[in-house]
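As stored in run.tsv (TSV, C-alpha atoms (C1' of nucleotides)):
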chain	number	residue	atom	x	y	z
A	4	MET	CA	15.41	21.71	-7.03
A	5	ARG	CA	17.92	24.14	-5.49
A	6	ARG	CA	15.94	24.19	-2.25
A	7	MET	CA	15.81	20.42	-2.17
A	8	LEU	CA	19.51	19.96	-2.84
A	9	ASP	CA	20.39	22.52	-0.20
A	10	GLY	CA	18.07	20.67	2.15
A	11	VAL	CA	19.80	17.38	1.44
A	12	ARG	CA	23.12	18.90	2.49
A	13	ALA	CA	21.60	20.70	5.45
A	14	ALA	CA	20.16	17.42	6.68
A	15	GLY	CA	23.61	15.86	6.61
A	16	LEU	CA	22.71	13.49	3.81
A	17	LYS	CA	25.30	12.54	1.23
A	18	LEU	CA	24.64	13.87	-2.24
A	19	THR	CA	25.00	10.81	-4.43
A	20	PRO	CA	24.33	10.68	-8.18
A	21	GLN	CA	21.25	8.61	-7.45
A	22	ARG	CA	19.86	11.19	-5.07
A	23	LEU	CA	20.67	13.96	-7.49
A	24	ALA	CA	18.75	12.15	-10.20
A	25	ILE	CA	15.78	11.54	-7.93
A	26	VAL	CA	15.69	15.13	-6.76
A	27	ARG	CA	15.97	16.34	-10.32
A	28	GLU	CA	13.04	14.14	-11.29
A	29	LEU	CA	10.85	14.98	-8.33
A	30	ALA	CA	11.54	18.63	-7.61
A	31	GLU	CA	9.61	20.21	-10.45
A	32	ASP	CA	7.07	17.45	-10.81
A	33	GLU	CA	3.53	18.46	-10.04
A	34	SER	CA	1.96	15.11	-10.87
A	35	HIS	CA	2.53	13.57	-7.43
A	36	PRO	CA	4.38	10.57	-8.80
A	37	THR	CA	4.57	7.20	-7.10
A	38	ALA	CA	7.90	5.58	-6.30
A	39	GLN	CA	7.24	3.19	-9.15
A	40	GLU	CA	6.73	5.99	-11.64
A	41	LEU	CA	9.90	7.76	-10.59
A	42	PHE	CA	11.82	4.51	-10.82
A	43	GLU	CA	10.63	3.87	-14.37
A	44	ARG	CA	11.51	7.38	-15.49
A	45	LEU	CA	14.93	7.21	-13.88
A	46	ARG	CA	15.82	3.84	-15.25
A	47	SER	CA	16.73	5.13	-18.71
A	48	ASP	CA	19.37	7.48	-17.31
A	49	GLN	CA	20.45	5.33	-14.38
A	50	PRO	CA	20.11	1.75	-15.57
A	51	THR	CA	21.60	0.34	-12.38
A	52	MET	CA	19.36	2.28	-10.02
A	53	SER	CA	17.58	0.01	-7.59
A	54	PHE	CA	14.09	0.22	-6.25
A	55	ALA	CA	15.27	0.29	-2.70
A	56	THR	CA	17.28	3.42	-3.45
A	57	VAL	CA	14.23	5.22	-4.74
A	58	TYR	CA	12.28	4.31	-1.62
A	59	ASN	CA	15.19	5.08	0.69
A	60	THR	CA	15.75	8.46	-0.89
A	61	LEU	CA	12.09	9.44	-0.89
A	62	ASP	CA	11.92	8.38	2.72
A	63	ALA	CA	15.01	10.43	3.56
A	64	LEU	CA	13.61	13.45	1.73
A	65	SER	CA	10.27	13.32	3.46
A	66	THR	CA	11.85	12.71	6.86
A	67	ALA	CA	13.98	15.79	6.24
A	68	GLY	CA	10.84	17.74	5.42
A	69	LEU	CA	11.84	18.28	1.79
A	70	CYS	CA	8.88	16.54	0.25
A	71	ALA	CA	5.61	15.13	1.48
A	72	ALA	CA	4.50	11.50	1.37
A	73	LEU	CA	0.80	11.30	0.62
A	74	SER	CA	-1.67	8.50	0.73
A	75	LEU	CA	-4.33	9.60	-1.68
A	76	SER	CA	-5.42	6.31	-3.17
A	77	PRO	CA	-9.14	5.86	-2.66
A	78	GLY	CA	-10.65	2.77	-1.21
A	79	SER	CA	-7.80	1.29	0.71
A	80	GLY	CA	-6.77	0.82	4.24
A	81	ARG	CA	-9.45	1.71	6.74
A	82	PHE	CA	-13.21	1.75	6.87
A	83	ASP	CA	-15.47	4.22	8.58
A	84	PRO	CA	-19.16	3.66	9.24
A	85	ASN	CA	-19.70	7.33	10.10
A	86	MET	CA	-21.28	8.98	7.09
A	87	ALA	CA	-22.01	12.31	8.79
A	88	PRO	CA	-19.67	15.10	7.72
A	89	HIS	CA	-16.57	14.86	9.82
A	90	HIS	CA	-12.81	15.05	9.71
A	91	HIS	CA	-10.07	12.75	10.95
A	92	LEU	CA	-7.47	13.12	13.63
A	93	VAL	CA	-4.60	10.71	12.99
A	94	CYS	CA	-1.80	10.10	15.46
A	95	ASP	CA	1.44	9.72	13.52
A	96	ARG	CA	2.96	7.61	16.24
A	97	CYS	CA	0.36	5.04	17.27
A	98	GLY	CA	-1.86	5.32	14.22
A	99	ALA	CA	-5.05	5.89	16.18
A	100	VAL	CA	-7.81	7.62	14.26
A	101	ARG	CA	-10.60	9.72	15.73
A	102	ASP	CA	-13.54	11.43	14.12
A	103	VAL	CA	-14.06	15.13	14.61
A	104	PRO	CA	-17.50	16.45	13.74
A	105	SER	CA	-16.96	19.18	11.19
A	106	VAL	CA	-17.91	22.68	12.08
A	107	PRO	CA	-19.05	25.09	9.35
A	108	ALA	CA	-15.55	25.90	8.27
A	109	LEU	CA	-15.51	28.43	5.52
A	110	ASP	CA	-16.97	31.84	5.68
A	111	PRO	CA	-18.63	32.82	2.39
A	112	PRO	CA	-15.77	34.97	1.03
A	113	ALA	CA	-13.20	32.27	1.79
A	114	GLU	CA	-15.43	29.69	0.21
A	115	ASP	CA	-15.62	31.77	-2.93
A	116	ALA	CA	-11.87	32.20	-2.98
A	117	MET	CA	-11.43	28.44	-2.74
A	118	ARG	CA	-13.87	27.86	-5.58
A	119	ARG	CA	-11.96	30.34	-7.69
A	120	GLU	CA	-8.68	28.60	-6.92
A	121	ILE	CA	-10.13	25.28	-7.96
A	122	ALA	CA	-11.54	26.78	-11.15
A	123	ARG	CA	-8.12	28.22	-11.89
A	124	VAL	CA	-5.95	25.14	-11.32
A	125	ALA	CA	-8.45	22.53	-12.50
A	126	PRO	CA	-11.23	24.09	-14.55
A	127	GLY	CA	-14.28	21.88	-14.74
A	128	PHE	CA	-13.34	19.75	-11.74
A	129	GLU	CA	-16.44	18.60	-9.91
A	130	VAL	CA	-15.81	18.19	-6.19
A	131	ARG	CA	-17.90	15.40	-4.71
A	132	SER	CA	-16.44	14.99	-1.26
A	133	VAL	CA	-14.02	16.77	0.98
A	134	GLU	CA	-11.85	14.98	3.47
A	135	LYS	CA	-9.70	16.70	6.04
A	136	ILE	CA	-6.95	14.87	7.85
A	137	MET	CA	-5.25	16.44	10.82
A	138	ARG	CA	-2.05	14.63	11.72
A	139	GLY	CA	-0.14	14.96	14.94
A	140	ARG	CA	0.30	13.28	18.27
A	141	CYS	CA	-2.41	12.02	20.55
A	142	ALA	CA	-2.28	12.71	24.26
A	143	ALA	CA	-1.20	9.17	25.08
A	144	CYS	CA	1.77	9.42	22.74
A	145	ILE	CA	2.82	12.82	24.04
A	146	SER	CA	2.95	11.69	27.67
A	147	PRO	CA	3.13	7.90	27.67
A	148	LYS	CA	3.66	7.68	31.42
A	149	LYS	CA	0.07	8.48	32.31
A	150	THR	CA	-1.60	6.17	29.84
A	151	ARG	CA	-1.48	2.61	28.68
A	152	THR	CA	-0.95	1.60	25.12
A	153	THR	CA	-3.71	1.11	22.50
B	286	MET	CA	-26.52	-0.81	12.14
B	287	ARG	CA	-30.20	-0.43	11.24
B	288	ARG	CA	-29.33	2.25	8.72
B	289	MET	CA	-26.66	0.05	7.22
B	290	LEU	CA	-28.86	-3.03	6.95
B	291	ASP	CA	-31.64	-1.02	5.38
B	292	GLY	CA	-29.08	0.36	3.00
B	293	VAL	CA	-27.93	-3.11	2.03
B	294	ARG	CA	-31.47	-4.02	1.05
B	295	ALA	CA	-32.09	-0.69	-0.64
B	296	ALA	CA	-28.96	-1.21	-2.73
B	297	GLY	CA	-30.32	-4.56	-3.92
B	298	LEU	CA	-27.62	-6.51	-2.11
B	299	LYS	CA	-28.41	-9.89	-0.67
B	300	LEU	CA	-28.38	-10.03	3.09
B	301	THR	CA	-26.18	-13.01	3.84
B	302	PRO	CA	-25.06	-14.11	7.31
B	303	GLN	CA	-21.54	-12.99	6.43
B	304	ARG	CA	-22.72	-9.52	5.52
B	305	LEU	CA	-24.83	-9.33	8.62
B	306	ALA	CA	-21.82	-10.20	10.74
B	307	ILE	CA	-19.63	-7.64	8.99
B	308	VAL	CA	-22.23	-4.91	9.33
B	309	ARG	CA	-22.73	-5.80	12.97
B	310	GLU	CA	-18.99	-5.53	13.54
B	311	LEU	CA	-18.46	-2.33	11.59
B	312	ALA	CA	-21.56	-0.29	12.21
B	313	GLU	CA	-20.86	0.87	15.74
B	314	ASP	CA	-17.09	0.80	15.47
B	315	GLU	CA	-15.39	4.15	15.80
B	316	SER	CA	-11.86	2.83	15.55
B	317	HIS	CA	-11.71	2.85	11.74
B	318	PRO	CA	-10.76	-0.80	11.48
B	319	THR	CA	-8.84	-2.34	8.61
B	320	ALA	CA	-10.19	-5.28	6.66
B	321	GLN	CA	-7.66	-7.45	8.45
B	322	GLU	CA	-8.86	-6.35	11.86
B	323	LEU	CA	-12.48	-7.02	11.00
B	324	PHE	CA	-11.57	-10.42	9.63
B	325	GLU	CA	-9.74	-11.42	12.79
B	326	ARG	CA	-12.62	-10.31	14.99
B	327	LEU	CA	-15.17	-12.10	12.84
B	328	ARG	CA	-13.27	-15.33	12.59
B	329	SER	CA	-14.32	-16.58	16.01
B	330	ASP	CA	-18.01	-16.37	15.17
B	331	GLN	CA	-17.72	-17.23	11.50
B	332	PRO	CA	-14.84	-19.67	11.21
B	333	THR	CA	-15.40	-20.26	7.52
B	334	MET	CA	-15.47	-16.59	6.56
B	335	SER	CA	-12.97	-15.78	3.88
B	336	PHE	CA	-10.86	-12.71	3.40
B	337	ALA	CA	-12.29	-12.07	0.00
B	338	THR	CA	-15.76	-11.82	1.52
B	339	VAL	CA	-14.65	-9.16	3.94
B	340	TYR	CA	-13.12	-7.16	1.14
B	341	ASN	CA	-16.04	-7.74	-1.19
B	342	THR	CA	-18.54	-6.69	1.43
B	343	LEU	CA	-16.63	-3.59	2.48
B	344	ASP	CA	-16.32	-2.68	-1.15
B	345	ALA	CA	-20.04	-3.21	-1.69
B	346	LEU	CA	-20.88	-1.13	1.38
B	347	SER	CA	-18.69	1.76	0.38
B	348	THR	CA	-19.90	1.66	-3.20
B	349	ALA	CA	-23.44	1.84	-1.85
B	350	GLY	CA	-22.45	4.85	0.22
B	351	LEU	CA	-22.98	3.04	3.50
B	352	CYS	CA	-19.45	3.40	4.80
B	353	ALA	CA	-16.35	5.24	3.72
B	354	ALA	CA	-13.06	3.73	2.62
B	355	LEU	CA	-10.19	5.84	3.88
B	356	SER	CA	-6.51	5.86	3.09
B	357	LEU	CA	-5.02	7.40	6.17
B	358	SER	CA	-1.73	5.57	6.43
B	359	PRO	CA	1.11	8.06	6.39
B	360	GLY	CA	4.08	7.80	4.13
B	361	SER	CA	2.79	5.68	1.36
B	362	GLY	CA	1.73	6.04	-2.18
B	363	ARG	CA	2.58	9.37	-3.69
B	364	PHE	CA	5.20	12.04	-3.24
B	365	ASP	CA	4.80	15.77	-3.45
B	366	PRO	CA	7.68	18.23	-3.70
B	367	ASN	CA	5.41	21.17	-2.94
B	368	MET	CA	5.90	22.11	0.69
B	369	ALA	CA	3.84	25.29	0.57
B	370	PRO	CA	0.45	24.97	2.27
B	371	HIS	CA	-1.94	23.50	-0.23
B	372	HIS	CA	-4.71	20.98	-0.66
B	373	HIS	CA	-5.27	18.17	-3.13
B	374	LEU	CA	-7.82	17.62	-5.83
B	375	VAL	CA	-8.07	13.92	-6.64
B	376	CYS	CA	-10.03	12.57	-9.58
B	377	ASP	CA	-11.74	9.36	-8.50
B	378	ARG	CA	-11.81	8.06	-12.02
B	379	CYS	CA	-8.38	8.66	-13.54
B	380	GLY	CA	-6.50	9.20	-10.30
B	381	ALA	CA	-4.97	12.51	-11.36
B	382	VAL	CA	-3.90	14.75	-8.50
B	383	ARG	CA	-3.63	18.54	-8.57
B	384	ASP	CA	-2.46	20.97	-5.96
B	385	VAL	CA	-4.73	23.78	-4.87
B	386	PRO	CA	-3.06	26.64	-3.02
B	387	SER	CA	-4.87	26.95	0.26
B	388	VAL	CA	-6.80	30.06	0.97
B	389	PRO	CA	-7.21	31.29	4.55
B	390	ALA	CA	-10.06	28.99	5.28
B	391	LEU	CA	-11.38	29.43	8.75
B	392	ASP	CA	-12.74	32.62	10.16
B	393	PRO	CA	-11.72	33.08	13.81
B	394	PRO	CA	-14.99	31.91	15.39
B	395	ALA	CA	-15.06	28.77	13.25
B	396	GLU	CA	-11.43	28.10	14.05
B	397	ASP	CA	-12.23	28.30	17.74
B	398	ALA	CA	-15.16	25.97	17.33
B	399	MET	CA	-12.91	23.45	15.59
B	400	ARG	CA	-10.34	23.68	18.34
B	401	ARG	CA	-13.05	23.05	20.91
B	402	GLU	CA	-14.29	20.03	18.99
B	403	ILE	CA	-10.78	18.58	18.89
B	404	ALA	CA	-10.31	19.24	22.60
B	405	ARG	CA	-13.59	17.48	23.25
B	406	VAL	CA	-13.11	14.32	21.18
B	407	ALA	CA	-9.35	14.00	21.67
B	408	PRO	CA	-8.13	16.06	24.60
B	409	GLY	CA	-4.42	16.73	24.43
B	410	PHE	CA	-4.10	15.97	20.74
B	411	GLU	CA	-1.42	18.10	19.14
B	412	VAL	CA	-2.19	18.86	15.50
B	413	ARG	CA	0.99	19.17	13.44
B	414	SER	CA	-0.32	19.24	9.91
B	415	VAL	CA	-3.61	19.52	8.15
B	416	GLU	CA	-4.31	17.90	4.84
B	417	LYS	CA	-7.42	18.43	2.80
B	418	ILE	CA	-8.41	16.12	0.01
B	419	MET	CA	-11.19	17.03	-2.35
B	420	ARG	CA	-12.34	14.08	-4.40
B	421	GLY	CA	-14.46	14.17	-7.49
B	422	ARG	CA	-14.18	14.13	-11.25
B	423	CYS	CA	-11.79	16.10	-13.36
B	424	ALA	CA	-12.98	17.87	-16.50
B	425	ALA	CA	-11.42	15.27	-18.77
B	426	CYS	CA	-13.30	12.47	-17.05
B	427	ILE	CA	-16.60	14.32	-17.08
B	428	SER	CA	-16.48	14.92	-20.84
B	429	PRO	CA	-14.02	12.47	-22.31
B	430	LYS	CA	-14.82	13.39	-25.89
B	431	LYS	CA	-12.81	16.61	-25.88
B	432	THR	CA	-9.70	15.26	-24.24
B	433	ARG	CA	-7.25	12.42	-24.57
B	434	THR	CA	-6.41	10.01	-21.83
B	435	THR	CA	-3.65	10.51	-19.20
C	220	DT	C1'	-40.41	-24.96	-4.16
C	221	DT	C1'	-37.45	-23.86	-7.59
C	222	DG	C1'	-34.10	-21.34	-10.45
C	223	DC	C1'	-30.59	-18.36	-10.88
C	224	DA	C1'	-28.05	-14.16	-10.19
C	225	DG	C1'	-25.28	-13.02	-7.00
C	226	DA	C1'	-22.41	-14.43	-3.00
C	227	DT	C1'	-18.95	-17.35	-0.76
C	228	DT	C1'	-14.74	-20.12	-0.10
C	229	DA	C1'	-9.87	-21.28	-0.35
C	230	DG	C1'	-5.98	-20.45	-2.05
C	231	DA	C1'	-3.10	-18.68	-5.76
C	232	DA	C1'	-1.59	-14.48	-7.80
C	233	DT	C1'	-0.37	-9.82	-7.80
C	234	DC	C1'	1.10	-5.42	-6.26
C	235	DG	C1'	3.62	-2.15	-3.65
C	236	DT	C1'	6.95	-1.76	-0.12
C	237	DT	C1'	10.64	-3.22	3.03
C	238	DC	C1'	14.48	-6.04	4.32
C	239	DT	C1'	19.06	-8.26	3.84
C	240	DT	C1'	23.68	-8.61	2.65
C	241	DA	C1'	27.66	-7.64	0.39
C	242	DG	C1'	29.96	-4.31	-1.91
C	243	DT	C1'	30.68	0.91	-3.07
C	244	DA	C1'	31.70	5.69	-2.78
C	245	DA	C1'	30.90	10.51	-0.61
C	246	DG	C1'	33.15	13.59	1.83
C	247	DA	C1'	35.86	14.62	6.19
C	248	DA	C1'	40.41	14.54	7.81
C	249	DA	C1'	45.27	14.32	7.32
D	94	DT	C1'	45.83	14.09	-2.87
D	95	DT	C1'	45.16	9.99	-0.34
D	96	DT	C1'	43.05	7.60	3.21
D	97	DC	C1'	39.37	6.23	6.15
D	98	DT	C1'	34.93	5.98	8.00
D	99	DT	C1'	30.37	5.62	7.49
D	100	DA	C1'	26.48	6.15	4.95
D	101	DC	C1'	24.73	4.61	0.71
D	102	DT	C1'	23.55	1.40	-3.09
D	103	DA	C1'	22.33	-2.93	-5.88
D	104	DA	C1'	19.92	-7.02	-6.37
D	105	DG	C1'	16.69	-9.72	-5.28
D	106	DA	C1'	14.29	-12.21	-1.62
D	107	DA	C1'	10.68	-11.52	1.64
D	108	DC	C1'	6.62	-9.55	3.25
D	109	DG	C1'	1.92	-7.85	3.94
D	110	DA	C1'	-2.17	-6.18	1.96
D	111	DT	C1'	-5.41	-6.70	-1.59
D	112	DT	C1'	-7.44	-8.86	-5.69
D	113	DC	C1'	-8.38	-12.65	-8.64
D	114	DT	C1'	-10.01	-17.35	-9.98
D	115	DA	C1'	-12.77	-21.22	-10.24
D	116	DA	C1'	-15.80	-24.14	-8.04
D	117	DT	C1'	-19.66	-24.29	-5.09
D	118	DC	C1'	-23.44	-22.48	-2.61
D	119	DT	C1'	-27.59	-19.73	-1.21
D	120	DG	C1'	-30.92	-15.66	-0.62
D	121	DC	C1'	-34.89	-14.52	-2.33
D	122	DA	C1'	-38.21	-13.47	-6.23
D	123	DA	C1'	-41.54	-15.82	-8.77
Give the structure from the file, written as structure tokens.
Amino acid sequence: MRRMLDGVRAAGLKLTPQRLAIVRELAEDESHPTAQELFERLRSDQPTMSFATVYNTLDALSTAGLCAALSLSPGSGRFDPNMAPHHHLVCDRCGAVRDVPSVPALDPPAEDAMRREIARVAPGFEVRSVEKIMRGRCAACISPKKTRTT
Amino acid sequence: MRRMLDGVRAAGLKLTPQRLAIVRELAEDESHPTAQELFERLRSDQPTMSFATVYNTLDALSTAGLCAALSLSPGSGRFDPNMAPHHHLVCDRCGAVRDVPSVPALDPPAEDAMRREIARVAPGFEVRSVEKIMRGRCAACISPKKTRTT
DNA sequence: TTGCAGATTAGAATCGTTCTTAGTAAGAAA
DNA sequence: TTTCTTACTAAGAACGATTCTAATCTGCAA
């Protein structure tokens, strides 16, 4: 909350009542709300708040590095025929996706620590699949002179 | 391709020309196509193919475990105020999301191996963030008797 | 060969997100 | 404190992706 408001100022963004309300709603929320959910919750206090404002503000916050925008919904977007264990390299600029074969990642003590963490924050959760997404910039987007698009 | 077709039969799904075309298009494709992209590519060969069929088939394939449906698009869906390094636990049934503080995961040799893999499959790629999503079932969805919904 | 459960088609409907435009107000400067 | 500039907001239309619907068709088991 404090951190986020300070960040809003630091990013040169105006601190409007709408933004204050959105920050207040989001900052301590651990449920990973959607824009829709935030909008519904805010509507009682801010009956004139518009949808676009919620999206604009969330976009501004995540651009400023004050919150993260996640796409966690299963079963949407892209399809991958590779069923061998692997991770994904996603270029934030051009959207290209590459598979990376997974290497045995966790040493046994670290694996135990992770299991304990999971048991602590979500007792009884049964993990069925693990997906790792590494975002960044692909070579073509870092130095566009040498390469063509696509 | 072969694996996927065998899988279609094994799952008790009918092998229609449309499905054959979709499998043919997807099976060797490493570009993680969207349903739209597949549809456009297929349209020349199968001018009567409908969108719904592409979606239905991809859904059937991923339900049968023959391909994976990924949501890799950045900046959509859910928002997370937690900017400390952490992973996500997503329940496939109720959609609940929980943060898991990340433990130091990779031992140095494994980390090196991962770096080498990345350099091999995507030379020059600059990783800026890593996101780990563990999907499965939360305790409430495994034994619904003891808990209420939400 | 036939029967039928399951698949397909076309297009309407729905959902989440973004855009547009006119009006508003935060906050810097005087 | 007042003014001014510029960024922000409201409202709803537009958009793109996905799902639904209802009618028709077909793969394949018997």
Compute the set of chain A residues within 6 Å of chain B, using only C-alpha atoms, and express it as a tab-separated table (two decimals) with C-alpha atoms, in the coordinates of the input.
chain	number	residue	atom	x	y	z
A	30	ALA	CA	11.54	18.63	-7.61
A	35	HIS	CA	2.53	13.57	-7.43
A	36	PRO	CA	4.38	10.57	-8.80
A	37	THR	CA	4.57	7.20	-7.10
A	70	CYS	CA	8.88	16.54	0.25
A	71	ALA	CA	5.61	15.13	1.48
A	72	ALA	CA	4.50	11.50	1.37
A	73	LEU	CA	0.80	11.30	0.62
A	74	SER	CA	-1.67	8.50	0.73
A	78	GLY	CA	-10.65	2.77	-1.21
A	79	SER	CA	-7.80	1.29	0.71
A	80	GLY	CA	-6.77	0.82	4.24
A	81	ARG	CA	-9.45	1.71	6.74
A	82	PHE	CA	-13.21	1.75	6.87
A	83	ASP	CA	-15.47	4.22	8.58
A	84	PRO	CA	-19.16	3.66	9.24
A	108	ALA	CA	-15.55	25.90	8.27
A	109	LEU	CA	-15.51	28.43	5.52
A	113	ALA	CA	-13.20	32.27	1.79
A	127	GLY	CA	-14.28	21.88	-14.74
A	128	PHE	CA	-13.34	19.75	-11.74
A	129	GLU	CA	-16.44	18.60	-9.91
A	130	VAL	CA	-15.81	18.19	-6.19
A	131	ARG	CA	-17.90	15.40	-4.71
A	132	SER	CA	-16.44	14.99	-1.26
A	133	VAL	CA	-14.02	16.77	0.98
A	134	GLU	CA	-11.85	14.98	3.47
A	135	LYS	CA	-9.70	16.70	6.04
A	136	ILE	CA	-6.95	14.87	7.85
A	137	MET	CA	-5.25	16.44	10.82
A	138	ARG	CA	-2.05	14.63	11.72
A	139	GLY	CA	-0.14	14.96	14.94
A	140	ARG	CA	0.30	13.28	18.27
A	141	CYS	CA	-2.41	12.02	20.55
A	142	ALA	CA	-2.28	12.71	24.26
Review point. Please, which residues of chain C lie no more than 10 Å from chain B when the count uses all atoms listed in the file, and can they be set out as a PyMOL selection string?
Key: chain C and resi 225-229+235-236
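The interface of chain D with chain A at 9 Å, considering all atoms listed in the file, consists of DA100, DC101, DT102, DA103, DA104, DA110 and DT111 of chain D.
Taking atom CA of B:Ala345 as the reference point, atom C1' of C:DA232 is found at 22.5 Å.
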Put a box with edges along x, y and z around all the listed atoms of stretch 97-114 of chain D, pad it by 3 Å on each side, then give me its centre and sizes in Å, one decimal, as lines of an AutoDock Vina configuration file.
center_x = 14.7
center_y = -5.6
center_z = -1.0
size_x = 55.4
size_y = 29.6
size_z = 24.0
